[in-house]
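Peer 1: Following this line is protein-v9.cif, made up of mmCIF, N, CA and C atoms:
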```cif
data_run
#
loop_
_atom_site.label_atom_id
_atom_site.label_comp_id
_atom_site.auth_asym_id
_atom_site.auth_seq_id
_atom_site.Cartn_x
_atom_site.Cartn_y
_atom_site.Cartn_z
N MET A 11 -18.31 -3.25 11.09
CA MET A 11 -17.27 -4.24 11.00
C MET A 11 -17.17 -4.79 9.57
N ARG A 12 -18.31 -4.96 8.94
CA ARG A 12 -18.32 -5.47 7.57
C ARG A 12 -17.58 -4.51 6.64
N GLU A 13 -17.80 -3.20 6.82
CA GLU A 13 -17.14 -2.20 5.99
C GLU A 13 -15.62 -2.23 6.21
N PHE A 14 -15.22 -2.37 7.47
CA PHE A 14 -13.80 -2.43 7.80
C PHE A 14 -13.14 -3.62 7.11
N ARG A 15 -13.76 -4.78 7.22
CA ARG A 15 -13.20 -5.98 6.60
C ARG A 15 -13.11 -5.85 5.08
N LYS A 16 -14.12 -5.22 4.49
CA LYS A 16 -14.11 -5.01 3.04
C LYS A 16 -12.95 -4.09 2.64
N GLU A 17 -12.75 -3.00 3.41
CA GLU A 17 -11.65 -2.09 3.12
C GLU A 17 -10.30 -2.77 3.35
N LEU A 18 -10.20 -3.55 4.42
CA LEU A 18 -8.96 -4.27 4.72
C LEU A 18 -8.61 -5.22 3.58
N LYS A 19 -9.60 -5.96 3.12
CA LYS A 19 -9.36 -6.90 2.01
C LYS A 19 -8.90 -6.16 0.76
N ALA A 20 -9.53 -5.03 0.47
CA ALA A 20 -9.17 -4.24 -0.72
C ALA A 20 -7.74 -3.71 -0.60
N LYS A 21 -7.37 -3.20 0.58
CA LYS A 21 -6.01 -2.68 0.77
C LYS A 21 -4.99 -3.82 0.68
N MET A 22 -5.32 -4.98 1.21
CA MET A 22 -4.40 -6.11 1.15
C MET A 22 -4.20 -6.55 -0.30
N GLU A 23 -5.25 -6.54 -1.08
CA GLU A 23 -5.13 -6.88 -2.50
C GLU A 23 -4.28 -5.84 -3.22
N GLN A 24 -4.53 -4.56 -2.92
CA GLN A 24 -3.78 -3.47 -3.55
C GLN A 24 -2.28 -3.60 -3.27
N LEU A 25 -1.94 -3.97 -2.03
CA LEU A 25 -0.54 -4.08 -1.63
C LEU A 25 0.04 -5.48 -1.84
N ARG A 26 -0.77 -6.36 -2.44
CA ARG A 26 -0.35 -7.73 -2.71
C ARG A 26 0.13 -8.45 -1.44
N ILE A 27 -0.70 -8.34 -0.39
CA ILE A 27 -0.42 -9.00 0.89
C ILE A 27 -1.31 -10.21 1.00
N ASP A 28 -0.74 -11.32 1.39
CA ASP A 28 -1.46 -12.58 1.56
C ASP A 28 -2.63 -12.39 2.54
N PRO A 29 -3.85 -12.70 2.14
CA PRO A 29 -5.01 -12.53 3.02
C PRO A 29 -4.90 -13.32 4.33
N GLU A 30 -4.05 -14.33 4.35
CA GLU A 30 -3.86 -15.13 5.56
C GLU A 30 -3.25 -14.28 6.70
N PHE A 31 -2.56 -13.20 6.35
CA PHE A 31 -1.97 -12.33 7.37
C PHE A 31 -3.05 -11.77 8.29
N ALA A 32 -4.23 -11.54 7.79
CA ALA A 32 -5.31 -10.97 8.58
C ALA A 32 -5.79 -11.92 9.68
N ARG A 33 -5.44 -13.18 9.56
CA ARG A 33 -5.85 -14.17 10.56
C ARG A 33 -4.81 -14.35 11.67
N ARG A 34 -3.64 -13.72 11.50
CA ARG A 34 -2.55 -13.88 12.46
C ARG A 34 -2.52 -12.71 13.44
N TYR A 35 -1.96 -12.96 14.63
CA TYR A 35 -1.76 -11.87 15.58
C TYR A 35 -0.76 -10.89 15.00
N VAL A 36 -0.85 -9.63 15.39
CA VAL A 36 0.02 -8.59 14.85
C VAL A 36 1.49 -8.95 15.08
N ASN A 37 2.21 -9.10 13.99
CA ASN A 37 3.65 -9.37 13.97
C ASN A 37 4.05 -10.69 14.65
N ASP A 38 3.13 -11.56 14.93
CA ASP A 38 3.45 -12.84 15.55
C ASP A 38 3.96 -13.82 14.49
N GLY A 39 5.25 -14.12 14.55
CA GLY A 39 5.84 -15.04 13.59
C GLY A 39 6.10 -14.43 12.23
N PHE A 40 6.05 -13.11 12.12
CA PHE A 40 6.29 -12.43 10.84
C PHE A 40 7.79 -12.27 10.64
N SER A 41 8.23 -12.35 9.40
CA SER A 41 9.61 -12.01 9.06
C SER A 41 9.75 -10.49 9.10
N GLY A 42 10.98 -10.00 8.96
CA GLY A 42 11.19 -8.55 8.95
C GLY A 42 10.42 -7.86 7.83
N GLY A 43 10.44 -8.47 6.65
CA GLY A 43 9.72 -7.90 5.52
C GLY A 43 8.22 -7.92 5.72
N GLU A 44 7.71 -9.00 6.31
CA GLU A 44 6.28 -9.09 6.58
C GLU A 44 5.85 -8.05 7.60
N MET A 45 6.70 -7.80 8.61
CA MET A 45 6.36 -6.78 9.60
C MET A 45 6.30 -5.39 8.96
N LYS A 46 7.25 -5.10 8.07
CA LYS A 46 7.23 -3.81 7.38
C LYS A 46 5.98 -3.67 6.53
N ARG A 47 5.62 -4.72 5.83
CA ARG A 47 4.43 -4.65 4.98
C ARG A 47 3.17 -4.52 5.84
N ALA A 48 3.16 -5.15 7.02
CA ALA A 48 2.03 -5.00 7.93
C ALA A 48 1.93 -3.55 8.42
N GLU A 49 3.07 -2.92 8.68
CA GLU A 49 3.09 -1.51 9.08
C GLU A 49 2.55 -0.63 7.96
N ILE A 50 2.94 -0.93 6.74
CA ILE A 50 2.47 -0.16 5.59
C ILE A 50 0.97 -0.36 5.41
N LEU A 51 0.50 -1.58 5.64
CA LEU A 51 -0.95 -1.84 5.59
C LEU A 51 -1.68 -1.01 6.64
N GLN A 52 -1.11 -0.92 7.83
CA GLN A 52 -1.72 -0.10 8.88
C GLN A 52 -1.81 1.36 8.43
N LEU A 53 -0.75 1.86 7.79
CA LEU A 53 -0.78 3.22 7.25
C LEU A 53 -1.88 3.37 6.21
N ALA A 54 -1.99 2.37 5.34
CA ALA A 54 -3.02 2.43 4.30
C ALA A 54 -4.41 2.48 4.90
N MET A 55 -4.61 1.74 5.99
CA MET A 55 -5.93 1.72 6.62
C MET A 55 -6.22 3.02 7.36
N LEU A 56 -5.21 3.59 8.01
CA LEU A 56 -5.40 4.81 8.79
C LEU A 56 -5.47 6.06 7.92
N GLN A 57 -4.87 6.00 6.74
CA GLN A 57 -4.87 7.10 5.77
C GLN A 57 -4.48 8.45 6.38
N PRO A 58 -3.28 8.52 6.99
CA PRO A 58 -2.85 9.81 7.54
C PRO A 58 -2.52 10.81 6.43
N LYS A 59 -2.56 12.08 6.75
CA LYS A 59 -2.21 13.09 5.76
C LYS A 59 -0.73 13.04 5.44
N PHE A 60 0.10 12.68 6.42
CA PHE A 60 1.52 12.47 6.18
C PHE A 60 2.04 11.45 7.19
N ALA A 61 3.14 10.84 6.85
CA ALA A 61 3.76 9.85 7.73
C ALA A 61 5.27 9.99 7.62
N ILE A 62 5.92 9.87 8.75
CA ILE A 62 7.38 9.89 8.77
C ILE A 62 7.83 8.47 9.04
N LEU A 63 8.54 7.90 8.08
CA LEU A 63 9.00 6.52 8.19
C LEU A 63 10.50 6.53 8.44
N ASP A 64 10.92 5.91 9.51
CA ASP A 64 12.33 5.89 9.88
C ASP A 64 12.92 4.52 9.63
N GLU A 65 14.02 4.47 8.93
CA GLU A 65 14.76 3.25 8.66
C GLU A 65 13.88 2.15 8.07
N THR A 66 13.19 2.49 7.00
CA THR A 66 12.28 1.53 6.38
C THR A 66 13.00 0.32 5.80
N ASP A 67 14.30 0.44 5.59
CA ASP A 67 15.06 -0.68 5.03
C ASP A 67 15.86 -1.45 6.08
N SER A 68 15.75 -1.06 7.33
CA SER A 68 16.54 -1.69 8.39
C SER A 68 16.20 -3.17 8.56
N GLY A 69 17.20 -4.00 8.42
CA GLY A 69 17.04 -5.43 8.63
C GLY A 69 16.36 -6.19 7.50
N LEU A 70 16.19 -5.55 6.36
CA LEU A 70 15.50 -6.20 5.25
C LEU A 70 16.49 -6.58 4.15
N ASP A 71 16.20 -7.68 3.47
CA ASP A 71 17.02 -8.04 2.32
C ASP A 71 16.55 -7.21 1.12
N ALA A 72 17.27 -7.30 0.03
CA ALA A 72 16.99 -6.47 -1.15
C ALA A 72 15.57 -6.64 -1.68
N ASP A 73 15.07 -7.88 -1.71
CA ASP A 73 13.71 -8.12 -2.20
C ASP A 73 12.67 -7.49 -1.29
N ALA A 74 12.89 -7.60 0.02
CA ALA A 74 11.94 -7.03 0.97
C ALA A 74 11.94 -5.50 0.91
N VAL A 75 13.11 -4.90 0.69
CA VAL A 75 13.20 -3.44 0.53
C VAL A 75 12.40 -3.01 -0.69
N ARG A 76 12.56 -3.75 -1.79
CA ARG A 76 11.83 -3.43 -3.01
C ARG A 76 10.32 -3.53 -2.78
N LEU A 77 9.86 -4.60 -2.13
CA LEU A 77 8.43 -4.75 -1.86
C LEU A 77 7.91 -3.65 -0.95
N ALA A 78 8.68 -3.31 0.07
CA ALA A 78 8.26 -2.25 0.99
C ALA A 78 8.16 -0.91 0.27
N SER A 79 9.16 -0.59 -0.55
CA SER A 79 9.13 0.69 -1.26
C SER A 79 8.00 0.75 -2.28
N GLN A 80 7.73 -0.37 -2.94
CA GLN A 80 6.60 -0.42 -3.89
C GLN A 80 5.27 -0.23 -3.16
N SER A 81 5.14 -0.84 -1.99
CA SER A 81 3.91 -0.72 -1.22
C SER A 81 3.71 0.71 -0.74
N ILE A 82 4.78 1.35 -0.28
CA ILE A 82 4.68 2.74 0.17
C ILE A 82 4.28 3.63 -1.00
N ALA A 83 4.91 3.43 -2.13
CA ALA A 83 4.57 4.22 -3.32
C ALA A 83 3.11 3.99 -3.73
N GLU A 84 2.65 2.77 -3.60
CA GLU A 84 1.27 2.42 -3.97
C GLU A 84 0.26 3.19 -3.12
N ILE A 85 0.47 3.25 -1.81
CA ILE A 85 -0.51 3.92 -0.96
C ILE A 85 -0.34 5.44 -0.97
N ALA A 86 0.89 5.91 -1.26
CA ALA A 86 1.13 7.36 -1.25
C ALA A 86 0.75 8.00 -2.57
N GLY A 87 0.84 7.25 -3.65
CA GLY A 87 0.64 7.85 -4.96
C GLY A 87 1.95 8.50 -5.40
N THR A 88 2.24 8.45 -6.64
CA THR A 88 3.53 8.95 -7.12
C THR A 88 3.66 10.45 -6.99
N ASP A 89 2.58 11.19 -7.08
CA ASP A 89 2.65 12.65 -7.00
C ASP A 89 2.95 13.14 -5.59
N SER A 90 2.49 12.41 -4.57
CA SER A 90 2.62 12.89 -3.20
C SER A 90 3.79 12.30 -2.44
N MET A 91 4.54 11.41 -3.06
CA MET A 91 5.60 10.73 -2.34
C MET A 91 6.93 11.47 -2.44
N THR A 92 7.51 11.73 -1.30
CA THR A 92 8.84 12.29 -1.23
C THR A 92 9.68 11.35 -0.40
N TYR A 93 10.87 11.05 -0.89
CA TYR A 93 11.74 10.10 -0.20
C TYR A 93 13.10 10.74 -0.02
N ASP A 94 13.58 10.75 1.21
CA ASP A 94 14.89 11.29 1.51
C ASP A 94 15.68 10.19 2.21
N ALA A 95 16.69 9.67 1.55
CA ALA A 95 17.45 8.55 2.08
C ALA A 95 18.66 8.99 2.90
N THR A 96 18.67 10.24 3.37
CA THR A 96 19.83 10.69 4.15
C THR A 96 19.74 10.28 5.58
#
```
Output the file's structure as structure tokens, nothing else.
Peer 2:
Amino acid sequence: MREFRKELKAKMEQLRIDPEFARRYVNDGFSGGEMKRAEILQLAMLQPKFAILDETDSGLDADAVRLASQSIAEIAGTDSMTYDAT
């Protein structure tokens, strides 16, 4: 459990997510942007070989879209990220 919490804290710092989010129930009282960032954090923790993200900008304002895309790029790495907006 200690290792998990250490990794969670590191990923939250990497994605610039408020550590207070870890104390809240999943998506309870989160804005649309916060929910997307929580989903991205889950991806960062699970470290899948690939992920298919559908409508990552749905319901988000321009600032939240920018934060979500930056977070995705951060965990994917620039070399491995492919984005198709069709």
Peer 1: Find the residues near segment 16-18 of chain A: any atom within 7 Å, counting all atoms listed in the file, skip ones fewer than 5 places away on the same chain, and give them as an MDAnalysis selection string.
Peer 2: chainID A and resid 11 23 55
Peer 1: Residues of chain A in alpha helix (DSSP H) according to DSSP, as a PyMOL selection string?
Peer 2: chain A and resi 12-24+42-56+72-86
Peer 1: Quick check, in Å to one decimal: how far apart do atom CA of Ser68 of chain A and atom CA of Ser81 of chain A lie?
Peer 2: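 Value for the atom CA of Ser68 of chain A-atom CA of Ser81 of chain A distance: 15.9 Å.
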Peer 1: Within 7 Å of segment 39-48 of chain A, counting only N, CA and C atoms, which residues qualify if same-chain residues fewer than 3 places away don't, as a PyMOL selection string?
Peer 2: chain A and resi 35-36+51-53+69-71+74-75+77-78
Peer 1: Can you work out which one of A:Arg12, A:Ile82, A:Arg34, A:Asp28 has the shortest atom-to-atom distance to Glu49 of chain A, counting only C-alpha atoms?
Peer 2: A:Ile82
Peer 1: Quick one: distance from atom C of Gln24 of chain A to atom N of Ile85 of chain A in Å, one decimal?
Peer 2: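 Atom N of Ile85 of chain A lies 7.5 Å from atom C of Gln24 of chain A.
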Peer 1: Tell me, in Å to one decimal, how far atom CA of Pro29 of chain A is from atom CA of Phe14 of chain A.
Peer 2: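 Going from atom CA of Pro29 of chain A over to atom CA of Phe14 of chain A, I get 14.2 Å.
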Peer 1: Counting only C-alpha atoms, which residue out of A:Arg15, A:Lys21, A:Arg33, A:Lys59 sits closest to Glu84 of chain A?
Peer 2: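 Under the stated criterion, the closest residue is A:Lys21.
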Peer 1: Taking all atoms of segment 37-51 of chain A that the file lists, what box with edges along x, y and z, padded by 5 Å per side, do you get, with centre and edge lengths in Å to one decimal, as lines of an AutoDock Vina configuration file?
Peer 2:
```
center_x = 4.8
center_y = -7.6
center_z = 10.3
size_x = 22.9
size_y = 24.9
size_z = 20.6
```
